[in-house]
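File shown: final.txt (compact mmCIF, C-alpha atoms).
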```
# COMPACT_ATOMS: atom_id res chain seq x y z
CA MET I 1 0.00 0.00 0.00
CA GLN I 2 2.96 2.28 0.65
CA GLY I 3 3.84 2.29 -3.07
CA ILE I 4 0.42 3.63 -4.03
CA LYS I 5 0.46 6.22 -1.22
CA LYS I 6 3.89 7.44 -2.28
CA ALA I 7 2.86 7.62 -5.93
CA LEU I 8 -0.31 9.56 -5.14
CA ARG I 9 1.62 11.93 -2.88
CA LEU I 10 4.27 12.63 -5.51
CA HIS I 11 2.12 12.45 -8.64
CA GLY I 12 -1.43 12.95 -7.38
CA ARG I 13 -1.94 16.26 -9.17
CA GLN I 14 -0.75 14.79 -12.48
CA LEU I 15 -2.88 11.68 -12.01
CA ARG I 16 -5.94 13.81 -11.28
CA HIS I 17 -5.28 15.90 -14.40
CA ALA I 18 -4.74 12.76 -16.48
CA VAL I 19 -7.96 11.23 -15.21
CA LEU I 20 -9.92 14.39 -15.96
CA GLN I 21 -8.54 14.34 -19.51
CA HIS I 22 -9.56 10.69 -19.83
CA VAL I 23 -13.10 10.93 -18.51
CA ASN I 24 -13.64 14.44 -19.87
CA LYS I 25 -15.74 15.59 -16.91
CA GLY I 26 -15.53 18.66 -14.76
CA ILE I 27 -16.22 16.84 -11.48
CA PHE I 28 -13.68 14.32 -10.23
CA SER I 29 -14.61 11.33 -8.04
CA TRP I 30 -12.21 8.49 -7.23
CA ALA I 31 -15.14 6.19 -6.38
CA THR I 32 -16.82 6.87 -9.71
CA LEU I 33 -13.56 6.46 -11.61
CA ILE I 34 -12.64 3.16 -9.95
CA SER I 35 -16.15 1.81 -10.45
CA ARG I 36 -16.08 2.82 -14.11
CA ILE I 37 -12.68 1.29 -14.82
CA GLN I 38 -13.48 -1.93 -12.96
CA SER I 39 -16.74 -2.30 -14.88
CA GLU I 40 -14.92 -1.74 -18.17
CA SER I 41 -12.11 -4.17 -17.26
CA PRO I 42 -13.22 -6.61 -14.55
CA THR I 43 -10.11 -8.79 -14.78
CA VAL I 44 -6.67 -7.85 -13.51
CA ILE I 45 -4.71 -6.31 -16.37
CA ILE I 46 -1.27 -6.41 -14.71
CA PRO I 47 -0.27 -8.68 -11.79
CA HIS I 48 0.42 -6.75 -8.61
CA MET I 49 4.04 -5.59 -8.63
CA GLY I 50 4.03 -2.00 -7.36
CA LEU I 51 3.92 1.17 -9.45
CA GLU I 52 7.66 1.73 -9.17
CA ASN I 53 8.22 -1.59 -10.97
CA ILE I 54 5.66 -1.24 -13.77
CA THR I 55 6.90 -0.14 -17.16
CA VAL I 56 5.20 0.57 -20.46
CA SER I 57 6.16 -2.96 -21.49
CA GLU I 58 3.71 -4.40 -18.93
CA ILE I 59 0.90 -2.25 -20.35
CA LEU I 60 1.65 -3.49 -23.87
CA LYS I 61 1.66 -7.10 -22.67
CA ALA I 62 -1.66 -6.60 -20.92
CA LYS I 63 -3.08 -5.16 -24.15
CA GLY I 64 -1.64 -8.08 -26.11
CA GLU I 65 0.50 -5.83 -28.28
CA ALA I 66 3.92 -7.00 -27.12
CA GLU I 67 3.39 -10.59 -28.22
CA ALA I 68 1.23 -9.98 -31.26
CA GLY I 69 3.10 -6.94 -32.54
CA ALA I 70 -0.25 -5.22 -32.97
CA VAL I 71 0.73 -1.72 -34.04
CA TYR I 72 -2.19 0.05 -35.67
CA TRP I 73 -0.91 2.29 -38.43
CA CYS I 74 -1.62 4.08 -41.66
CA SER I 75 0.67 5.71 -44.21
CA THR I 76 1.15 9.35 -45.09
CA SER I 77 -0.55 8.74 -48.42
CA HIS I 78 -3.78 7.35 -46.97
CA PHE I 79 -6.81 9.59 -47.01
CA VAL I 80 -8.08 10.78 -43.63
CA HIS I 81 -11.37 8.96 -44.19
CA GLU I 82 -9.46 5.66 -44.48
CA ALA I 83 -7.52 6.38 -41.29
CA VAL I 84 -10.71 7.12 -39.35
CA GLN I 85 -12.28 3.90 -40.64
CA HIS I 86 -9.20 2.03 -39.41
CA MET I 87 -9.44 3.64 -35.95
CA THR I 88 -13.13 2.76 -35.75
CA ALA I 89 -12.56 -0.84 -36.83
CA HIS I 90 -9.97 -1.40 -34.09
CA ASN I 91 -11.58 0.86 -31.46
CA VAL I 92 -8.49 3.03 -31.04
CA GLY I 93 -8.12 6.79 -30.82
CA ALA I 94 -4.90 7.23 -32.77
CA LEU I 95 -2.71 5.60 -35.41
CA VAL I 96 1.01 5.56 -35.97
CA VAL I 97 1.78 7.09 -39.37
CA LEU I 98 4.49 5.46 -41.48
CA LYS I 99 6.13 7.03 -44.50
CA SER I 100 4.62 6.00 -47.81
CA GLY I 101 7.07 3.72 -49.61
CA ASP I 102 9.04 2.96 -46.44
CA MET I 103 6.90 1.14 -43.93
CA ASN I 104 9.77 0.96 -41.44
CA GLN I 105 10.09 4.75 -41.19
CA LEU I 106 8.03 6.59 -38.59
CA ALA I 107 6.43 9.75 -40.00
CA GLY I 108 4.17 10.84 -37.14
CA ILE I 109 0.85 10.16 -35.44
CA VAL I 110 -2.75 10.96 -36.32
CA SER I 111 -5.57 11.03 -33.78
CA GLU I 112 -9.28 11.61 -33.43
CA ARG I 113 -8.42 15.08 -32.14
CA ASP I 114 -6.59 15.87 -35.39
CA PHE I 115 -9.66 14.73 -37.32
CA ALA I 116 -12.00 16.88 -35.22
CA ARG I 117 -9.86 20.02 -35.27
CA LYS I 118 -8.43 19.88 -38.78
CA ILE I 119 -11.20 18.20 -40.76
CA LEU I 120 -14.58 18.54 -39.05
CA LEU I 121 -14.30 22.10 -37.74
CA PRO I 122 -12.96 23.70 -40.94
CA GLY I 123 -15.21 21.49 -43.08
CA ARG I 124 -12.40 19.89 -45.09
CA PRO I 125 -13.28 16.76 -47.13
CA SER I 126 -11.85 13.70 -45.35
CA LYS I 127 -12.00 11.64 -48.54
CA GLU I 128 -9.75 14.12 -50.36
CA THR I 129 -7.32 15.09 -47.59
CA ARG I 130 -4.17 13.04 -46.98
CA VAL I 131 -3.12 11.93 -43.51
CA GLU I 132 0.19 13.76 -43.92
CA ASP I 133 -1.74 17.05 -44.10
CA ILE I 134 -3.21 16.75 -40.59
CA MET I 135 -0.86 14.46 -38.62
CA THR I 136 1.59 15.44 -35.89
CA GLU I 137 4.93 15.15 -37.65
CA GLU I 138 7.91 13.15 -36.45
CA ASP I 139 9.96 16.16 -35.35
CA LYS I 140 7.15 17.18 -32.95
CA LEU I 141 6.35 13.65 -31.84
CA ILE I 142 6.64 12.61 -28.20
CA THR I 143 7.54 8.96 -27.63
CA VAL I 144 8.35 6.64 -24.74
CA SER I 145 10.24 3.36 -24.67
CA SER I 146 8.99 0.01 -23.42
CA HIS I 147 11.27 0.48 -20.39
CA THR I 148 9.70 3.80 -19.34
CA ASN I 149 8.01 3.67 -15.92
CA ILE I 150 4.26 4.30 -16.12
CA LEU I 151 4.43 7.22 -13.69
CA ARG I 152 7.03 8.85 -15.93
CA ALA I 153 4.84 8.14 -18.97
CA MET I 154 1.89 9.78 -17.22
CA GLU I 155 4.04 12.78 -16.36
CA VAL I 156 5.12 13.20 -19.98
CA MET I 157 1.58 12.88 -21.32
CA THR I 158 0.04 15.34 -18.86
CA ASP I 159 2.88 17.88 -19.18
CA LYS I 160 2.61 17.81 -22.99
CA HIS I 161 -1.22 17.60 -22.99
CA ILE I 162 -1.28 14.49 -25.16
CA ARG I 163 -3.49 11.42 -24.93
CA HIS I 164 -1.60 8.92 -27.08
CA VAL I 165 2.12 8.11 -27.20
CA PRO I 166 3.93 5.72 -29.56
CA VAL I 167 6.26 3.24 -27.88
CA PHE I 168 9.57 3.34 -29.71
CA ASP I 169 12.42 0.81 -29.25
CA GLU I 170 14.50 1.48 -32.39
CA LYS I 171 11.18 0.82 -34.12
CA VAL I 172 7.53 1.34 -33.16
CA VAL I 173 6.40 -1.53 -30.94
CA GLY I 174 3.03 -0.21 -29.79
CA MET I 175 0.94 2.69 -28.58
CA ILE I 176 -0.35 3.63 -25.14
CA SER I 177 -3.09 6.05 -24.15
CA ILE I 178 -3.63 8.06 -21.00
CA GLY I 179 -6.56 5.72 -20.33
CA ASP I 180 -4.19 2.71 -20.37
CA VAL I 181 -1.94 4.39 -17.81
CA VAL I 182 -4.77 5.49 -15.50
CA ARG I 183 -6.36 2.03 -15.67
CA ALA I 184 -3.07 0.35 -14.73
CA ILE I 185 -2.53 2.68 -11.76
CA VAL I 186 -6.06 2.25 -10.43
CA ASP I 187 -5.87 -1.51 -10.98
CA GLN I 188 -2.68 -1.70 -8.90
CA GLN I 189 -4.38 0.30 -6.16
CA HIS I 190 -7.35 -2.06 -6.21
CA GLN I 191 -5.06 -5.09 -5.87
CA GLU I 192 -3.17 -3.53 -2.96
CA VAL I 193 -6.45 -2.86 -1.14
CA LYS I 194 -7.49 -6.49 -1.67
CA GLN I 195 -4.16 -7.72 -0.27
CA LEU I 196 -4.51 -5.43 2.73
CA LYS I 197 -8.01 -6.77 3.44
CA LYS I 198 -6.69 -10.34 3.29
CA TYR I 199 -3.90 -9.42 5.69
CA ILE I 200 -6.40 -7.86 8.13
CA ARG I 201 -8.59 -10.99 7.96
CA GLY I 202 -5.56 -13.11 8.80
CA GLU I 203 -5.32 -14.87 5.44
CA TYR I 204 -1.58 -14.07 5.27
CA TYR I 205 0.79 -15.73 7.74
```

Please render this file's structure as structure tokens.
Amino acid sequence: MQGIKKALRLHGRQLRHAVLQHVNKGIFSWATLISRIQSESPTVIIPHMGLENITVSEILKAKGEAEAGAVYWCSTSHFVHEAVQHMTAHNVGALVVLKSGDMNQLAGIVSERDFARKILLPGRPSKETRVEDIMTEEDKLITVSSHTNILRAMEVMTDKHIRHVPVFDEKVVGMISIGDVVRAIVDQQHQEVKQLKKYIRGEYY
């Protein structure tokens, strides 16, 4: 339990901000948040190991991306409409963008926010606009590695006001969202509370 208390003491403000970004509500409630996340993901996503020991790699494994190599992507030459269809089909909020003609070269990232701000609001045709025209380009891209601690990942995402971050280990190996990070932190807290209850009941010797 001490690990969670320490994390909340040191990073509580960032976690609160991250959660508010994730749930997009003006009123924050830990009880509501925990209930919502547990109802969305009733099974344990990461075995209890303490926040200081959890890296982005564990989040990718829990999502199944580390083993399957499931990196959702599009190319710079795709039309925005195609990219949005791809996001919808896989229920993700962003895609890694690879350079057309070189599928090993990272070009940037495109998200639902890019679509809303750069296509819907100005009324641009999504079937005629290329992904490269609205994406966040590589030189402005924020990434983490699979070895990055999740608290550090949360700090980066909240400081930079971003919701999705590519995981880059010499090549793109996955993508994490602020929701993934918040869910992992709350899940660890839930497991620590369960262990404490077992200890109080005398189930640990």

Top pick for closest residue to Ser111 of chain I, considering I:Ile162, I:Leu60, I:Val186, I:Leu151 and counting all atoms listed in the file: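 Among the listed residues, I:Ile162 lies closest to Ser111 of chain I.
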
Interatomic distance between atom CA of Asn104 of chain I and atom CA of Lys160 of chain I?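 Computed distance, atom CA of Asn104 of chain I to atom CA of Lys160 of chain I, equals 26.0 Å.
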
Please identify all polymer residues lying at most 10 Å from the point (3.2, 11.3, -19.6) (file coordinates), using only C-alpha atoms, and present the result as a PDB file with C-alpha atoms, in the coordinates of the input.
```pdb
ATOM      1  CA  GLN I  14      -0.750  14.790 -12.480  1.00  0.00           C
ATOM      2  CA  LEU I  15      -2.880  11.680 -12.010  1.00  0.00           C
ATOM      3  CA  ALA I  18      -4.740  12.760 -16.480  1.00  0.00           C
ATOM      4  CA  ILE I 142       6.640  12.610 -28.200  1.00  0.00           C
ATOM      5  CA  THR I 143       7.540   8.960 -27.630  1.00  0.00           C
ATOM      6  CA  VAL I 144       8.350   6.640 -24.740  1.00  0.00           C
ATOM      7  CA  THR I 148       9.700   3.800 -19.340  1.00  0.00           C
ATOM      8  CA  ASN I 149       8.010   3.670 -15.920  1.00  0.00           C
ATOM      9  CA  ILE I 150       4.260   4.300 -16.120  1.00  0.00           C
ATOM     10  CA  LEU I 151       4.430   7.220 -13.690  1.00  0.00           C
ATOM     11  CA  ARG I 152       7.030   8.850 -15.930  1.00  0.00           C
ATOM     12  CA  ALA I 153       4.840   8.140 -18.970  1.00  0.00           C
ATOM     13  CA  MET I 154       1.890   9.780 -17.220  1.00  0.00           C
ATOM     14  CA  GLU I 155       4.040  12.780 -16.360  1.00  0.00           C
ATOM     15  CA  VAL I 156       5.120  13.200 -19.980  1.00  0.00           C
ATOM     16  CA  MET I 157       1.580  12.880 -21.320  1.00  0.00           C
ATOM     17  CA  THR I 158       0.040  15.340 -18.860  1.00  0.00           C
ATOM     18  CA  ASP I 159       2.880  17.880 -19.180  1.00  0.00           C
ATOM     19  CA  LYS I 160       2.610  17.810 -22.990  1.00  0.00           C
ATOM     20  CA  HIS I 161      -1.220  17.600 -22.990  1.00  0.00           C
ATOM     21  CA  ILE I 162      -1.280  14.490 -25.160  1.00  0.00           C
ATOM     22  CA  ARG I 163      -3.490  11.420 -24.930  1.00  0.00           C
ATOM     23  CA  HIS I 164      -1.600   8.920 -27.080  1.00  0.00           C
ATOM     24  CA  VAL I 165       2.120   8.110 -27.200  1.00  0.00           C
ATOM     25  CA  SER I 177      -3.090   6.050 -24.150  1.00  0.00           C
ATOM     26  CA  ILE I 178      -3.630   8.060 -21.000  1.00  0.00           C
ATOM     27  CA  VAL I 181      -1.940   4.390 -17.810  1.00  0.00           C
TER      28      VAL I 181
END
```

Using 6 Å of padding on each side, determine the axis-aligned box around all atoms of segment 117-131 of chain I present in the file and give its centre and edge lengths in Å to one decimal, as AutoDock Vina command-line options.
```
--center_x -9.2 --center_y 17.7 --center_z -42.8 --size_x 24.1 --size_y 24.1 --size_z 27.1
```

Report the distance between atom CA of Lys63 of chain I and atom CA of Ala184 of chain I in Å, rounded to one decimal place.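 For atom CA of Lys63 of chain I relative to atom CA of Ala184 of chain I, the distance reads 10.9 Å.
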
Val173 of chain I surroundings by only C-alpha atoms, 7 Å radius, close-in-sequence under 4 positions cut, as a ChimeraX atom specification: /I:69,71,167-169

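Pairwise distance (atom CA of Arg113 of chain I, atom CA of Ile59 of chain I) equals 22.9 Å.
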
Could you tell me which of I:Asp180, I:Glu128, I:Glu112, I:Glu52 comes closest to Gly93 of chain I if we count only C-alpha atoms?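 Nearest to Gly93 of chain I: I:Glu112.
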
Please provide as a ChimeraX atom specification all residues within 7 Å of Leu98 of chain I, with the sequence filter that same-chain residues fewer than 5 positions apart are discarded (counting all atoms listed in the file). /I:73-76,103-108

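Among the candidates I:Met175, I:Gln195, I:His147, I:Lys127, the residue lying nearest to Asn53 of chain I is I:His147 (atoms considered: all atoms listed in the file).
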
Nearest to Thr136 of chain I: which of I:Gly174, I:Ala94, I:Leu121, I:Glu82 is it, counting all atoms listed in the file?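 The answer is I:Ala94, which sits nearest to Thr136 of chain I.
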